[in-house]
Amino acid sequence: MASLWRYLLAGLGLAALLVGILAIVYLTAPQTAPGADTSRSKTTANGLFVASFQPERGVIRQGELQSWLLTLKTVKGAPVEGAAITVSGGMPLHNHGLPTSPQATDYLGEGRYRIDGLKFTMSGWWQLRFAISAAAGSDSVVFNVVL
């Protein structure tokens, strides 16, 4: 009878361990909205510009301040110069904003703008919104980033 209890307790222990492992995998997996567009290049909301967004060093780094490059072109392919850009965003599934206040700090030519001060503090789905004001008009674009 004692060996039956040992097997029963061992089975319950293994089941609890399995549930714990599955919970950890689920909770640490990157989460995104179903069908979220994670492309790095897209047309802005009103169709005035084509925006491309990429990390300056080529790799997304979690927990570090980093710089990204936002490239703006007209729909005909001409670089957008002299744009005023504001950055906002956050984690939609967590209902919080960005932990920093990223800024467009430099115009690098050919429609490229450096965005400094961006920091992703945790894995998951992040949205970055850019409000753009240029000679052609005002528009906006949202990029989804999943870590």
# chains A, B, ... in the order shown; residues from 1 in each chain; ligands from 1
>>> residues_around(residues="segment 98-102 of chain A", least_positions_apart="2", cutoff="7 Å", atoms="only C-alpha atoms", output="ChimeraX atom specification")
/A:87,89-90,96,115-119
>>> select_by_dssp(residues="chain A", states="helix (DSSP H, G or I)", output="list in words")
Ala2, Ser3, Leu4, Trp5, Arg6, Tyr7, Leu8, Leu9, Ala10, Gly11, Leu12, Gly13, Leu14, Ala15, Ala16, Leu17, Leu18, Val19, Gly20, Ile21, Leu22, Ala23, Ile24, Val25, Tyr26, Leu27 and Thr28 of chain A
>>> write_last_selection(atoms="N, CA and C atoms", output="PDB file, in the first residue's frame")
ATOM      1  N   ALA A   2       1.996   1.228   0.722  1.00  0.00           N
ATOM      2  CA  ALA A   2       2.882   2.383   0.791  1.00  0.00           C
ATOM      3  C   ALA A   2       3.477   2.703  -0.580  1.00  0.00           C
ATOM      4  N   SER A   3       3.790   1.657  -1.368  1.00  0.00           N
ATOM      5  CA  SER A   3       4.362   1.915  -2.691  1.00  0.00           C
ATOM      6  C   SER A   3       3.324   2.540  -3.623  1.00  0.00           C
ATOM      7  N   LEU A   4       2.056   2.219  -3.453  1.00  0.00           N
ATOM      8  CA  LEU A   4       1.002   2.837  -4.256  1.00  0.00           C
ATOM      9  C   LEU A   4       0.943   4.342  -3.983  1.00  0.00           C
ATOM     10  N   TRP A   5       1.046   4.713  -2.701  1.00  0.00           N
ATOM     11  CA  TRP A   5       1.061   6.133  -2.343  1.00  0.00           C
ATOM     12  C   TRP A   5       2.275   6.839  -2.934  1.00  0.00           C
ATOM     13  N   ARG A   6       3.411   6.179  -2.949  1.00  0.00           N
ATOM     14  CA  ARG A   6       4.615   6.783  -3.538  1.00  0.00           C
ATOM     15  C   ARG A   6       4.410   7.061  -5.018  1.00  0.00           C
ATOM     16  N   TYR A   7       3.849   6.096  -5.740  1.00  0.00           N
ATOM     17  CA  TYR A   7       3.584   6.285  -7.170  1.00  0.00           C
ATOM     18  C   TYR A   7       2.567   7.401  -7.401  1.00  0.00           C
ATOM     19  N   LEU A   8       1.554   7.448  -6.570  1.00  0.00           N
ATOM     20  CA  LEU A   8       0.545   8.483  -6.691  1.00  0.00           C
ATOM     21  C   LEU A   8       1.148   9.867  -6.441  1.00  0.00           C
ATOM     22  N   LEU A   9       1.940   9.995  -5.394  1.00  0.00           N
ATOM     23  CA  LEU A   9       2.591  11.274  -5.099  1.00  0.00           C
ATOM     24  C   LEU A   9       3.602  11.654  -6.182  1.00  0.00           C
ATOM     25  N   ALA A  10       4.335  10.692  -6.678  1.00  0.00           N
ATOM     26  CA  ALA A  10       5.288  10.964  -7.758  1.00  0.00           C
ATOM     27  C   ALA A  10       4.553  11.445  -9.012  1.00  0.00           C
ATOM     28  N   GLY A  11       3.435  10.808  -9.320  1.00  0.00           N
ATOM     29  CA  GLY A  11       2.634  11.215 -10.481  1.00  0.00           C
ATOM     30  C   GLY A  11       2.098  12.626 -10.320  1.00  0.00           C
ATOM     31  N   LEU A  12       1.601  12.953  -9.130  1.00  0.00           N
ATOM     32  CA  LEU A  12       1.110  14.305  -8.871  1.00  0.00           C
ATOM     33  C   LEU A  12       2.252  15.326  -8.950  1.00  0.00           C
ATOM     34  N   GLY A  13       3.412  14.965  -8.448  1.00  0.00           N
ATOM     35  CA  GLY A  13       4.569  15.854  -8.516  1.00  0.00           C
ATOM     36  C   GLY A  13       4.985  16.126  -9.951  1.00  0.00           C
ATOM     37  N   LEU A  14       4.995  15.085 -10.783  1.00  0.00           N
ATOM     38  CA  LEU A  14       5.350  15.271 -12.196  1.00  0.00           C
ATOM     39  C   LEU A  14       4.302  16.120 -12.918  1.00  0.00           C
ATOM     40  N   ALA A  15       3.035  15.905 -12.593  1.00  0.00           N
ATOM     41  CA  ALA A  15       1.976  16.709 -13.212  1.00  0.00           C
ATOM     42  C   ALA A  15       2.131  18.181 -12.826  1.00  0.00           C
ATOM     43  N   ALA A  16       2.419  18.451 -11.556  1.00  0.00           N
ATOM     44  CA  ALA A  16       2.614  19.830 -11.107  1.00  0.00           C
ATOM     45  C   ALA A  16       3.822  20.458 -11.795  1.00  0.00           C
ATOM     46  N   LEU A  17       4.896  19.706 -11.947  1.00  0.00           N
ATOM     47  CA  LEU A  17       6.086  20.195 -12.634  1.00  0.00           C
ATOM     48  C   LEU A  17       5.769  20.534 -14.081  1.00  0.00           C
ATOM     49  N   LEU A  18       5.032  19.684 -14.767  1.00  0.00           N
ATOM     50  CA  LEU A  18       4.649  19.915 -16.156  1.00  0.00           C
ATOM     51  C   LEU A  18       3.792  21.180 -16.278  1.00  0.00           C
ATOM     52  N   VAL A  19       2.837  21.351 -15.388  1.00  0.00           N
ATOM     53  CA  VAL A  19       1.997  22.552 -15.405  1.00  0.00           C
ATOM     54  C   VAL A  19       2.860  23.793 -15.180  1.00  0.00           C
ATOM     55  N   GLY A  20       3.805  23.732 -14.272  1.00  0.00           N
ATOM     56  CA  GLY A  20       4.705  24.860 -14.023  1.00  0.00           C
ATOM     57  C   GLY A  20       5.538  25.210 -15.241  1.00  0.00           C
ATOM     58  N   ILE A  21       6.079  24.213 -15.899  1.00  0.00           N
ATOM     59  CA  ILE A  21       6.896  24.451 -17.105  1.00  0.00           C
ATOM     60  C   ILE A  21       6.049  25.075 -18.204  1.00  0.00           C
ATOM     61  N   LEU A  22       4.841  24.550 -18.417  1.00  0.00           N
ATOM     62  CA  LEU A  22       3.955  25.111 -19.444  1.00  0.00           C
ATOM     63  C   LEU A  22       3.577  26.551 -19.122  1.00  0.00           C
ATOM     64  N   ALA A  23       3.352  26.859 -17.849  1.00  0.00           N
ATOM     65  CA  ALA A  23       3.022  28.229 -17.452  1.00  0.00           C
ATOM     66  C   ALA A  23       4.185  29.166 -17.744  1.00  0.00           C
ATOM     67  N   ILE A  24       5.399  28.756 -17.447  1.00  0.00           N
ATOM     68  CA  ILE A  24       6.574  29.587 -17.716  1.00  0.00           C
ATOM     69  C   ILE A  24       6.726  29.829 -19.213  1.00  0.00           C
ATOM     70  N   VAL A  25       6.576  28.785 -20.013  1.00  0.00           N
ATOM     71  CA  VAL A  25       6.694  28.929 -21.467  1.00  0.00           C
ATOM     72  C   VAL A  25       5.631  29.888 -21.985  1.00  0.00           C
ATOM     73  N   TYR A  26       4.413  29.752 -21.522  1.00  0.00           N
ATOM     74  CA  TYR A  26       3.323  30.616 -21.979  1.00  0.00           C
ATOM     75  C   TYR A  26       3.558  32.067 -21.564  1.00  0.00           C
ATOM     76  N   LEU A  27       3.944  32.278 -20.333  1.00  0.00           N
ATOM     77  CA  LEU A  27       4.092  33.640 -19.822  1.00  0.00           C
ATOM     78  C   LEU A  27       5.310  34.370 -20.379  1.00  0.00           C
ATOM     79  N   THR A  28       6.323  33.655 -20.820  1.00  0.00           N
ATOM     80  CA  THR A  28       7.521  34.307 -21.349  1.00  0.00           C
ATOM     81  C   THR A  28       7.548  34.362 -22.871  1.00  0.00           C
TER      82      THR A  28
END
>>> closest_residue(among="A:Val146, A:Leu128, A:Leu69, A:Leu48", to="Ala104 of chain A", atoms="only C-alpha atoms")
A:Leu69
>>> residues_around(residues="segment 129-140 of chain A", least_positions_apart="3", cutoff="10 Å", atoms="only C-alpha atoms", output="short mmCIF file (atom, residue, chain, number, x, y, z; two decimals) with N, CA, C and O atoms, in the first residue's frame")
data_model
loop_
_atom_site.label_atom_id
_atom_site.label_comp_id
_atom_site.auth_asym_id
_atom_site.auth_seq_id
_atom_site.Cartn_x
_atom_site.Cartn_y
_atom_site.Cartn_z
N THR A 43 3.18 52.19 -45.86
CA THR A 43 2.63 53.49 -46.22
C THR A 43 1.96 54.08 -44.99
O THR A 43 1.32 53.36 -44.21
N THR A 44 2.10 55.38 -44.80
CA THR A 44 1.50 56.05 -43.66
C THR A 44 -0.03 56.04 -43.76
O THR A 44 -0.59 55.73 -44.81
N ALA A 45 -0.70 56.37 -42.66
CA ALA A 45 -2.15 56.24 -42.54
C ALA A 45 -2.92 56.96 -43.65
O ALA A 45 -3.90 56.43 -44.18
N ASN A 46 -2.50 58.18 -44.02
CA ASN A 46 -3.19 58.94 -45.06
C ASN A 46 -2.55 58.79 -46.44
O ASN A 46 -2.94 59.47 -47.38
N GLY A 47 -1.54 57.93 -46.55
CA GLY A 47 -0.92 57.65 -47.83
C GLY A 47 0.04 58.70 -48.35
O GLY A 47 0.40 58.68 -49.52
N LEU A 48 0.49 59.63 -47.47
CA LEU A 48 1.40 60.68 -47.94
C LEU A 48 2.84 60.21 -48.07
O LEU A 48 3.58 60.70 -48.93
N PHE A 49 3.25 59.29 -47.20
CA PHE A 49 4.65 58.86 -47.15
C PHE A 49 4.76 57.35 -47.10
O PHE A 49 3.82 56.65 -46.75
N ALA A 51 7.17 54.84 -44.98
CA ALA A 51 8.09 54.89 -43.84
C ALA A 51 8.73 53.52 -43.65
O ALA A 51 8.07 52.49 -43.78
N LEU A 70 14.50 55.96 -38.91
CA LEU A 70 13.22 56.09 -39.60
C LEU A 70 13.51 56.73 -40.95
O LEU A 70 14.08 57.83 -41.00
N LEU A 72 11.93 58.19 -44.41
CA LEU A 72 10.68 58.70 -44.99
C LEU A 72 10.89 59.06 -46.45
O LEU A 72 11.83 59.78 -46.79
N THR A 74 8.49 59.99 -50.18
CA THR A 74 7.17 60.25 -50.74
C THR A 74 6.70 58.97 -51.42
O THR A 74 7.51 58.04 -51.63
N VAL A 80 12.02 62.52 -47.92
CA VAL A 80 11.30 63.58 -47.23
C VAL A 80 12.30 64.30 -46.33
O VAL A 80 12.84 63.69 -45.40
N GLU A 81 12.52 65.58 -46.60
CA GLU A 81 13.48 66.36 -45.83
C GLU A 81 12.75 67.36 -44.95
O GLU A 81 11.65 67.78 -45.25
N GLY A 82 13.38 67.70 -43.83
CA GLY A 82 12.85 68.73 -42.95
C GLY A 82 11.57 68.34 -42.23
O GLY A 82 10.78 69.21 -41.86
N ALA A 83 11.36 67.07 -41.99
CA ALA A 83 10.14 66.63 -41.31
C ALA A 83 10.25 66.84 -39.80
O ALA A 83 11.33 66.69 -39.22
N ALA A 84 9.14 67.19 -39.18
CA ALA A 84 9.04 67.23 -37.72
C ALA A 84 8.40 65.90 -37.31
O ALA A 84 7.34 65.53 -37.83
N ILE A 85 9.05 65.18 -36.41
CA ILE A 85 8.60 63.83 -36.04
C ILE A 85 8.44 63.75 -34.54
O ILE A 85 9.34 64.14 -33.79
N THR A 86 7.31 63.24 -34.09
CA THR A 86 7.12 62.94 -32.67
C THR A 86 6.89 61.44 -32.53
O THR A 86 6.31 60.80 -33.42
N VAL A 87 7.38 60.90 -31.42
CA VAL A 87 7.34 59.45 -31.19
C VAL A 87 6.54 59.16 -29.93
O VAL A 87 6.71 59.83 -28.90
N SER A 88 5.66 58.18 -30.02
CA SER A 88 4.94 57.69 -28.84
C SER A 88 4.76 56.19 -29.02
O SER A 88 5.15 55.62 -30.02
N GLY A 89 4.13 55.56 -28.04
CA GLY A 89 3.88 54.13 -28.18
C GLY A 89 3.80 53.45 -26.84
O GLY A 89 3.63 54.10 -25.80
N GLY A 90 3.92 52.14 -26.86
CA GLY A 90 3.85 51.36 -25.64
C GLY A 90 3.49 49.91 -25.92
O GLY A 90 3.65 49.43 -27.04
N ALA A 104 13.33 62.30 -32.34
CA ALA A 104 14.05 62.37 -33.61
C ALA A 104 15.16 63.41 -33.39
O ALA A 104 14.87 64.58 -33.19
N PHE A 143 4.27 51.18 -36.10
CA PHE A 143 5.04 49.95 -36.31
C PHE A 143 4.85 49.05 -35.10
O PHE A 143 4.87 49.49 -33.96
N ASN A 144 4.67 47.76 -35.38
CA ASN A 144 4.58 46.74 -34.34
C ASN A 144 5.93 46.06 -34.23
O ASN A 144 6.50 45.62 -35.22
#
>>> atom_distance(atom1="atom CA of Gln62 of chain A", atom2="atom CA of His94 of chain A")
16.7 Å
>>> atom_distance(atom1="atom CA of Trp126 of chain A", atom2="atom CA of Tyr113 of chain A")
20.3 Å
>>> select_by_dssp(residues="chain A", states="strand (DSSP E)", output="PyMOL selection string")
chain A and resi 41-43+49-55+66-74+84-91+96-97+103-109+112-118+125-134+137-146
>>> write_last_selection(atoms="C-alpha atoms", output="short mmCIF file (atom, residue, chain, number, x, y, z; two decimals), in the first residue's frame")
data_model
loop_
_atom_site.label_atom_id
_atom_site.label_comp_id
_atom_site.auth_asym_id
_atom_site.auth_seq_id
_atom_site.Cartn_x
_atom_site.Cartn_y
_atom_site.Cartn_z
CA SER A 41 8.20 49.35 -44.15
CA LYS A 42 4.69 50.65 -44.81
CA THR A 43 2.63 53.49 -46.22
CA PHE A 49 4.65 58.86 -47.15
CA VAL A 50 6.35 55.48 -47.15
CA ALA A 51 8.09 54.89 -43.84
CA SER A 52 10.76 52.31 -43.00
CA PHE A 53 12.01 51.62 -39.49
CA GLN A 54 15.04 49.62 -38.34
CA PRO A 55 17.49 49.43 -35.42
CA GLN A 66 19.20 52.36 -28.48
CA SER A 67 18.90 54.34 -31.69
CA TRP A 68 16.69 53.43 -34.62
CA LEU A 69 16.49 54.86 -38.12
CA LEU A 70 13.22 56.09 -39.60
CA THR A 71 13.37 56.58 -43.36
CA LEU A 72 10.68 58.70 -44.99
CA LYS A 73 10.02 58.86 -48.71
CA THR A 74 7.17 60.25 -50.74
CA ALA A 84 9.04 67.23 -37.72
CA ILE A 85 8.60 63.83 -36.04
CA THR A 86 7.12 62.94 -32.67
CA VAL A 87 7.34 59.45 -31.19
CA SER A 88 4.94 57.69 -28.84
CA GLY A 89 3.88 54.13 -28.18
CA GLY A 90 3.85 51.36 -25.64
CA MET A 91 2.63 47.83 -24.97
CA HIS A 96 1.35 51.15 -20.61
CA GLY A 97 3.43 53.54 -22.64
CA GLN A 103 13.12 61.80 -29.98
CA ALA A 104 14.05 62.37 -33.61
CA THR A 105 17.51 63.84 -32.99
CA ASP A 106 19.32 63.96 -36.34
CA TYR A 107 18.53 64.22 -40.01
CA LEU A 108 21.06 61.97 -41.77
CA GLY A 109 20.13 62.80 -45.37
CA ARG A 112 16.73 59.16 -42.88
CA TYR A 113 16.10 60.33 -39.32
CA ARG A 114 17.79 59.01 -36.18
CA ILE A 115 15.39 58.19 -33.34
CA ASP A 116 17.32 58.21 -30.04
CA GLY A 117 16.28 57.08 -26.57
CA LEU A 118 14.21 54.03 -27.44
CA TRP A 125 4.32 43.26 -28.34
CA TRP A 126 5.28 46.93 -28.58
CA GLN A 127 3.76 49.61 -30.81
CA LEU A 128 5.68 52.69 -31.97
CA ARG A 129 3.69 55.61 -33.37
CA PHE A 130 5.27 58.35 -35.44
CA ALA A 131 3.47 61.61 -36.13
CA ILE A 132 5.08 63.21 -39.18
CA SER A 133 4.72 66.77 -40.36
CA ALA A 134 6.45 67.79 -43.59
CA GLY A 137 1.32 67.48 -45.05
CA SER A 138 0.83 65.67 -41.75
CA ASP A 139 0.47 61.93 -41.41
CA SER A 140 1.23 59.08 -39.03
CA VAL A 141 2.43 55.50 -39.02
CA VAL A 142 2.42 52.70 -36.42
CA PHE A 143 5.04 49.95 -36.31
CA ASN A 144 4.58 46.74 -34.34
CA VAL A 145 7.71 45.32 -32.73
CA VAL A 146 7.71 41.91 -31.06
#
>>> atom_distance(atom1="atom CA of Leu93 of chain A", atom2="atom CA of Leu147 of chain A")
13.5 Å
